[in-house]
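Chemist: Here it is: the structure, laid out below.
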Amino acid sequence: MKRGWDKPYPVMLVGGTDTFMVERELSRARQACVSTGRRYLDVDDLTAAEVSDMVSPSMFVTERLLVVVPAKVVAGGVLESIKSHHAEFAKAADVDVSFVVQGSHKDLAAVIGNGRVLSWEAPKPWQEREVAVKFLQAEVARLGATISEELATLMVRSAGTDRWLLTQEALKLVTYMQAVGREGMVAVREDAAAVTAPFAGGVVEDMVAAVAAGDRQRVCKAVTALSEGESPIAVCAAISSAASRWLYAASALSAGGVSDEDVASRLGQHVFVFRQNTLPHAKRWGPKSLTKLIKGLARVERSVKSGRISPWVTLESVLLEHCGHV
């Protein structure tokens, strides 16, 4: 989009399977309408006569409009009227009435040209982390600061991949950097830790990965790092959740009669993600060891509630015991 929503094109197409990006773009359009005095209309249906009335206002009143209409109703006379509007004002620097067609519309896209078609495809499950990191970096840059890929990855590990949430995380980060006068507006770990809580998400993931591999040395390091501020119950929950997925996969596959695709579908995972991130651990541990591990983690949670012994000592003992048999 070569020009902003303050001066929208006469006809635009906004769509794709990435609903977040579509809704975000329409939100920007609404905000621009407020600041420029343009009326924002979101309609479910439209007729050719209504299009004509909108683009041919009375000689006494000229209302500036941005009309969002679903692609499914842009056909027949409505399509021809919108095409005509585009042809008349395609080269105009500004227009009083702009039509934003939401969804996929090949005929209209061919007429108005790529520069006026905004489309985003939703990331695949195994792409979500990478997309979230790049999105966070772009958001921080849009707000006038810079964050490295490494630091953005840590923030995503802690805050998650939800891009609405990451939008707020970027705003908090840049606001904090401005408040402390961060030199060059380049984010450092201190900035991210100050606005993202808890900031130990990456270490929790390291712990889960260490348990998955049965790596006792990495488990010890992760326990040391997490015991400085993370909740032992939250760590137990993270490991138990992962172990439960591995147990389901191990049990289903050992019983036979099901495919990788079937198990992945039941776990809500893409088969590629399942084969890369779940199946190897399920095979490494097996149903019996995983059952014992989950029971051991339950004991740790009970010890936290009873307060009879340090939960971190109990957790480390349980993990080292069971990882030693993998």
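All residue names refer to the structure tokens as shown: chains lettered A, B, ... in order, residues numbered from 1 in each chain, ligands numbered from 1 in order.
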Output as JSON lines one row per residue of segment 118-230 of chain A within 9 Å of segment 7-26 of chain A: the closest atom pair and its distance in Å to one decimal place, counting only C-alpha atoms, sorted by chain and residue number ascending.
Modeler:
{"residue": "A:Leu118", "atom": "CA", "partner": "A:Val14", "partner_atom": "CA", "distance": 4.8}
{"residue": "A:Ser119", "atom": "CA", "partner": "A:Gly15", "partner_atom": "CA", "distance": 4.8}
{"residue": "A:Trp120", "atom": "CA", "partner": "A:Gly16", "partner_atom": "CA", "distance": 4.8}
{"residue": "A:Glu121", "atom": "CA", "partner": "A:Thr17", "partner_atom": "CA", "distance": 4.9}
{"residue": "A:Ala122", "atom": "CA", "partner": "A:Asp18", "partner_atom": "CA", "distance": 4.0}
{"residue": "A:Pro123", "atom": "CA", "partner": "A:Asp18", "partner_atom": "CA", "distance": 7.5}
{"residue": "A:Arg163", "atom": "CA", "partner": "A:Phe20", "partner_atom": "CA", "distance": 7.6}
{"residue": "A:Trp164", "atom": "CA", "partner": "A:Phe20", "partner_atom": "CA", "distance": 7.8}
Chemist: So that I have them on file, write out the residues from the current selection with C-alpha atoms, as a compact mmCIF listing (two decimals), in the first residue's frame.
Modeler:
# COMPACT_ATOMS: atom_id res chain seq x y z
CA LEU A 118 -3.46 -6.39 0.70
CA SER A 119 -3.40 -10.09 1.51
CA TRP A 120 -1.80 -12.17 4.25
CA GLU A 121 -1.62 -15.93 4.67
CA ALA A 122 -1.72 -17.38 8.18
CA PRO A 123 1.54 -19.01 9.30
CA ARG A 163 0.39 -11.15 17.97
CA TRP A 164 -2.26 -8.99 19.67
Chemist: Need to verify the contact set: Trp285 of chain A, 9 Å, only C-alpha atoms, exclusion of same-chain residues closer than 6 positions in sequence. Can you return it as a list in words?
Modeler: Ala212, Ala213, Gly214, Trp246, Leu247, Ala250, Cys323, His325 and Val326 of chain A
Chemist: Based on the selection just made, write C-alpha atoms of those residues as a short mmCIF file (atom, residue, chain, number, x, y, z; two decimals), in the first residue's frame.
Modeler:
data_model
loop_
_atom_site.label_atom_id
_atom_site.label_comp_id
_atom_site.auth_asym_id
_atom_site.auth_seq_id
_atom_site.Cartn_x
_atom_site.Cartn_y
_atom_site.Cartn_z
CA ALA A 212 12.74 -34.65 26.71
CA ALA A 213 16.34 -35.58 25.91
CA GLY A 214 16.90 -37.21 29.31
CA TRP A 246 4.41 -37.71 24.80
CA LEU A 247 2.52 -40.32 26.82
CA ALA A 250 3.60 -43.35 22.99
CA CYS A 323 15.97 -39.05 33.28
CA HIS A 325 16.39 -44.43 33.10
CA VAL A 326 15.88 -42.97 29.62
#
Chemist: As a PyMOL selection string, please: every residue in segment 89-238 of chain A that DSSP puts in helix (DSSP H, G or I).
Modeler: chain A and resi 89+106-112+114-116+125-142+149-159+163-180+183-185+189-195+201-213+216-226+232-238
Chemist: For the selection you just gave me, I'd like the residues written to a file as an mmCIF file, in the first residue's frame, keeping C-alpha atoms.
Modeler:
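As a result, selection_13.cif now contains:
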data_model
loop_
_atom_site.group_PDB
_atom_site.id
_atom_site.type_symbol
_atom_site.label_atom_id
_atom_site.label_comp_id
_atom_site.auth_asym_id
_atom_site.auth_seq_id
_atom_site.Cartn_x
_atom_site.Cartn_y
_atom_site.Cartn_z
ATOM 1 C CA PHE A 89 -10.677 7.962 -9.683
ATOM 2 C CA LYS A 106 -9.897 -12.422 -8.346
ATOM 3 C CA ASP A 107 -11.879 -10.316 -10.844
ATOM 4 C CA LEU A 108 -11.536 -7.162 -8.781
ATOM 5 C CA ALA A 109 -7.880 -7.832 -7.972
ATOM 6 C CA ALA A 110 -7.083 -8.069 -11.678
ATOM 7 C CA VAL A 111 -8.697 -4.682 -12.291
ATOM 8 C CA ILE A 112 -7.311 -2.593 -9.451
ATOM 9 C CA ASN A 114 -1.414 -5.497 -6.905
ATOM 10 C CA GLY A 115 -0.531 -2.213 -5.211
ATOM 11 C CA ARG A 116 -4.084 -1.924 -3.950
ATOM 12 C CA PRO A 125 1.881 -24.177 13.097
ATOM 13 C CA TRP A 126 5.614 -24.821 12.793
ATOM 14 C CA GLN A 127 6.158 -21.258 11.527
ATOM 15 C CA GLU A 128 4.367 -19.440 14.355
ATOM 16 C CA ARG A 129 7.443 -18.853 16.534
ATOM 17 C CA GLU A 130 9.528 -17.492 13.641
ATOM 18 C CA VAL A 131 6.678 -15.282 12.428
ATOM 19 C CA ALA A 132 6.057 -13.975 15.956
ATOM 20 C CA VAL A 133 9.726 -13.023 16.389
ATOM 21 C CA LYS A 134 9.806 -11.136 13.087
ATOM 22 C CA PHE A 135 6.496 -9.474 13.921
ATOM 23 C CA LEU A 136 7.790 -8.278 17.291
ATOM 24 C CA GLN A 137 10.919 -6.882 15.656
ATOM 25 C CA ALA A 138 8.804 -5.066 13.065
ATOM 26 C CA GLU A 139 6.474 -3.641 15.738
ATOM 27 C CA VAL A 140 9.386 -2.334 17.790
ATOM 28 C CA ALA A 141 10.902 -0.799 14.643
ATOM 29 C CA ARG A 142 7.558 0.828 13.778
ATOM 30 C CA GLU A 149 16.419 -11.346 16.904
ATOM 31 C CA GLU A 150 17.925 -13.065 19.960
ATOM 32 C CA LEU A 151 16.193 -10.750 22.424
ATOM 33 C CA ALA A 152 12.922 -10.828 20.468
ATOM 34 C CA THR A 153 13.056 -14.636 20.602
ATOM 35 C CA LEU A 154 13.401 -14.532 24.390
ATOM 36 C CA MET A 155 10.413 -12.202 24.672
ATOM 37 C CA VAL A 156 8.301 -14.437 22.430
ATOM 38 C CA ARG A 157 9.257 -17.494 24.476
ATOM 39 C CA SER A 158 8.047 -15.714 27.582
ATOM 40 C CA ALA A 159 5.015 -13.823 26.238
ATOM 41 C CA ARG A 163 0.385 -11.145 17.968
ATOM 42 C CA TRP A 164 -2.256 -8.992 19.670
ATOM 43 C CA LEU A 165 -0.354 -9.549 22.913
ATOM 44 C CA LEU A 166 3.001 -8.942 21.212
ATOM 45 C CA THR A 167 1.701 -5.611 19.944
ATOM 46 C CA GLN A 168 1.229 -4.555 23.568
ATOM 47 C CA GLU A 169 4.599 -6.016 24.566
ATOM 48 C CA ALA A 170 6.305 -3.940 21.865
ATOM 49 C CA LEU A 171 4.532 -0.795 23.061
ATOM 50 C CA LYS A 172 5.509 -1.468 26.694
ATOM 51 C CA LEU A 173 9.105 -2.140 25.693
ATOM 52 C CA VAL A 174 9.533 1.040 23.656
ATOM 53 C CA THR A 175 7.765 3.152 26.298
ATOM 54 C CA TYR A 176 10.127 1.797 28.950
ATOM 55 C CA MET A 177 13.161 2.452 26.731
ATOM 56 C CA GLN A 178 12.040 6.043 26.229
ATOM 57 C CA ALA A 179 11.485 6.484 29.962
ATOM 58 C CA VAL A 180 14.994 5.303 30.879
ATOM 59 C CA GLU A 183 20.973 5.022 24.157
ATOM 60 C CA GLY A 184 20.257 4.707 20.444
ATOM 61 C CA MET A 185 16.858 3.170 21.316
ATOM 62 C CA ARG A 189 17.983 -7.579 28.071
ATOM 63 C CA GLU A 190 17.282 -5.300 31.031
ATOM 64 C CA ASP A 191 14.547 -3.525 29.024
ATOM 65 C CA ALA A 192 12.853 -6.764 28.003
ATOM 66 C CA ALA A 193 13.044 -8.214 31.513
ATOM 67 C CA ALA A 194 11.442 -5.060 32.924
ATOM 68 C CA VAL A 195 8.292 -5.320 30.803
ATOM 69 C CA GLY A 201 9.892 -18.562 29.616
ATOM 70 C CA GLY A 202 12.964 -19.494 27.606
ATOM 71 C CA VAL A 203 14.483 -21.287 30.608
ATOM 72 C CA VAL A 204 11.270 -23.246 31.154
ATOM 73 C CA GLU A 205 11.453 -24.367 27.536
ATOM 74 C CA ASP A 206 15.088 -25.327 28.091
ATOM 75 C CA MET A 207 13.991 -27.418 31.052
ATOM 76 C CA VAL A 208 11.317 -29.219 29.015
ATOM 77 C CA ALA A 209 13.855 -29.846 26.234
ATOM 78 C CA ALA A 210 16.375 -31.208 28.758
ATOM 79 C CA VAL A 211 13.787 -33.604 30.213
ATOM 80 C CA ALA A 212 12.736 -34.650 26.714
ATOM 81 C CA ALA A 213 16.337 -35.575 25.915
ATOM 82 C CA ARG A 216 20.542 -34.788 33.558
ATOM 83 C CA GLN A 217 23.280 -32.135 33.325
ATOM 84 C CA ARG A 218 20.986 -29.688 31.498
ATOM 85 C CA VAL A 219 18.212 -30.445 33.992
ATOM 86 C CA CYS A 220 20.490 -29.398 36.878
ATOM 87 C CA LYS A 221 21.401 -26.132 35.137
ATOM 88 C CA ALA A 222 17.754 -25.349 34.375
ATOM 89 C CA VAL A 223 16.684 -26.027 37.974
ATOM 90 C CA THR A 224 19.369 -23.635 39.228
ATOM 91 C CA ALA A 225 18.253 -20.893 36.831
ATOM 92 C CA LEU A 226 14.522 -21.353 37.477
ATOM 93 C CA PRO A 232 7.922 -24.579 40.890
ATOM 94 C CA ILE A 233 4.271 -25.398 40.237
ATOM 95 C CA ALA A 234 4.419 -23.566 36.884
ATOM 96 C CA VAL A 235 7.534 -25.538 35.933
ATOM 97 C CA CYS A 236 5.902 -28.824 36.960
ATOM 98 C CA ALA A 237 2.849 -27.899 34.918
ATOM 99 C CA ALA A 238 4.949 -27.186 31.835
#
Chemist: In Å, with one decimal, what is the gap from atom CA of Trp5 of chain A to atom CA of Tyr40 of chain A?
Modeler: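 We find that atom CA of Trp5 of chain A and atom CA of Tyr40 of chain A lie 11.4 Å from each other.
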Chemist: Between A:His322, A:Lys124, A:Arg3, A:His105, which has the minimum distance to Lys288 of chain A (counting only C-alpha atoms)?
Modeler: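 The shortest atom-to-atom distance to Lys288 of chain A comes from A:His322.
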Chemist: List the neighbours of segment 61-78 of chain A out to 6 Å using only C-alpha atoms; skip same-chain residues closer than 2 positions along the sequence, and give me the result as a compact mmCIF listing (two decimals) with N, CA and C atoms, in the first residue's frame.
Modeler:
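Produced file part-v3.txt, reproduced below:
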# COMPACT_ATOMS: atom_id res chain seq x y z
N ARG A 38 -13.36 11.13 8.31
CA ARG A 38 -14.04 10.30 7.31
C ARG A 38 -14.95 9.31 8.04
N ARG A 39 -16.13 9.06 7.50
CA ARG A 39 -17.06 8.13 8.12
C ARG A 39 -16.72 6.69 7.71
N TYR A 40 -16.63 5.81 8.70
CA TYR A 40 -16.30 4.40 8.46
C TYR A 40 -17.59 3.58 8.47
N LEU A 41 -17.89 2.92 7.37
CA LEU A 41 -19.10 2.11 7.26
C LEU A 41 -18.72 0.65 7.02
N ASP A 42 -19.20 -0.23 7.89
CA ASP A 42 -18.97 -1.67 7.73
C ASP A 42 -20.33 -2.29 7.41
N VAL A 43 -20.54 -2.65 6.16
CA VAL A 43 -21.86 -3.13 5.72
C VAL A 43 -21.81 -4.62 5.38
N THR A 47 -26.13 -2.74 -2.62
CA THR A 47 -26.75 -2.82 -3.95
C THR A 47 -26.07 -1.81 -4.87
N ALA A 48 -26.28 -2.01 -6.16
CA ALA A 48 -25.69 -1.10 -7.14
C ALA A 48 -26.24 0.32 -6.94
N PRO A 57 -23.05 12.03 -4.31
CA PRO A 57 -23.78 12.75 -3.25
C PRO A 57 -24.48 13.98 -3.81
N SER A 58 -25.35 14.54 -2.98
CA SER A 58 -26.07 15.74 -3.42
C SER A 58 -25.11 16.90 -3.57
N MET A 59 -25.53 17.90 -4.28
CA MET A 59 -24.67 19.05 -4.56
C MET A 59 -24.45 19.91 -3.31
N GLU A 80 -19.75 -4.01 -11.06
CA GLU A 80 -19.56 -3.07 -12.17
C GLU A 80 -19.52 -1.63 -11.68
N SER A 81 -20.34 -1.31 -10.68
CA SER A 81 -20.35 0.06 -10.14
C SER A 81 -19.04 0.38 -9.44
N ASP A 96 -13.33 11.13 -2.09
CA ASP A 96 -14.30 11.28 -1.00
C ASP A 96 -14.84 9.92 -0.54
N VAL A 97 -14.95 8.98 -1.49
CA VAL A 97 -15.51 7.67 -1.17
C VAL A 97 -14.53 6.57 -1.57
N SER A 98 -14.25 5.71 -0.60
CA SER A 98 -13.35 4.58 -0.85
C SER A 98 -14.06 3.29 -0.46
N PHE A 99 -13.95 2.28 -1.32
CA PHE A 99 -14.54 0.97 -1.05
C PHE A 99 -13.43 -0.01 -0.69
N VAL A 100 -13.57 -0.67 0.45
CA VAL A 100 -12.62 -1.70 0.86
C VAL A 100 -13.36 -3.03 0.82
N VAL A 101 -12.98 -3.86 -0.12
CA VAL A 101 -13.62 -5.17 -0.27
C VAL A 101 -12.83 -6.17 0.56
N GLN A 102 -13.51 -6.81 1.52
CA GLN A 102 -12.84 -7.73 2.43
C GLN A 102 -13.03 -9.17 1.98
N GLY A 103 -11.92 -9.82 1.70
CA GLY A 103 -11.97 -11.20 1.25
C GLY A 103 -11.24 -11.38 -0.06
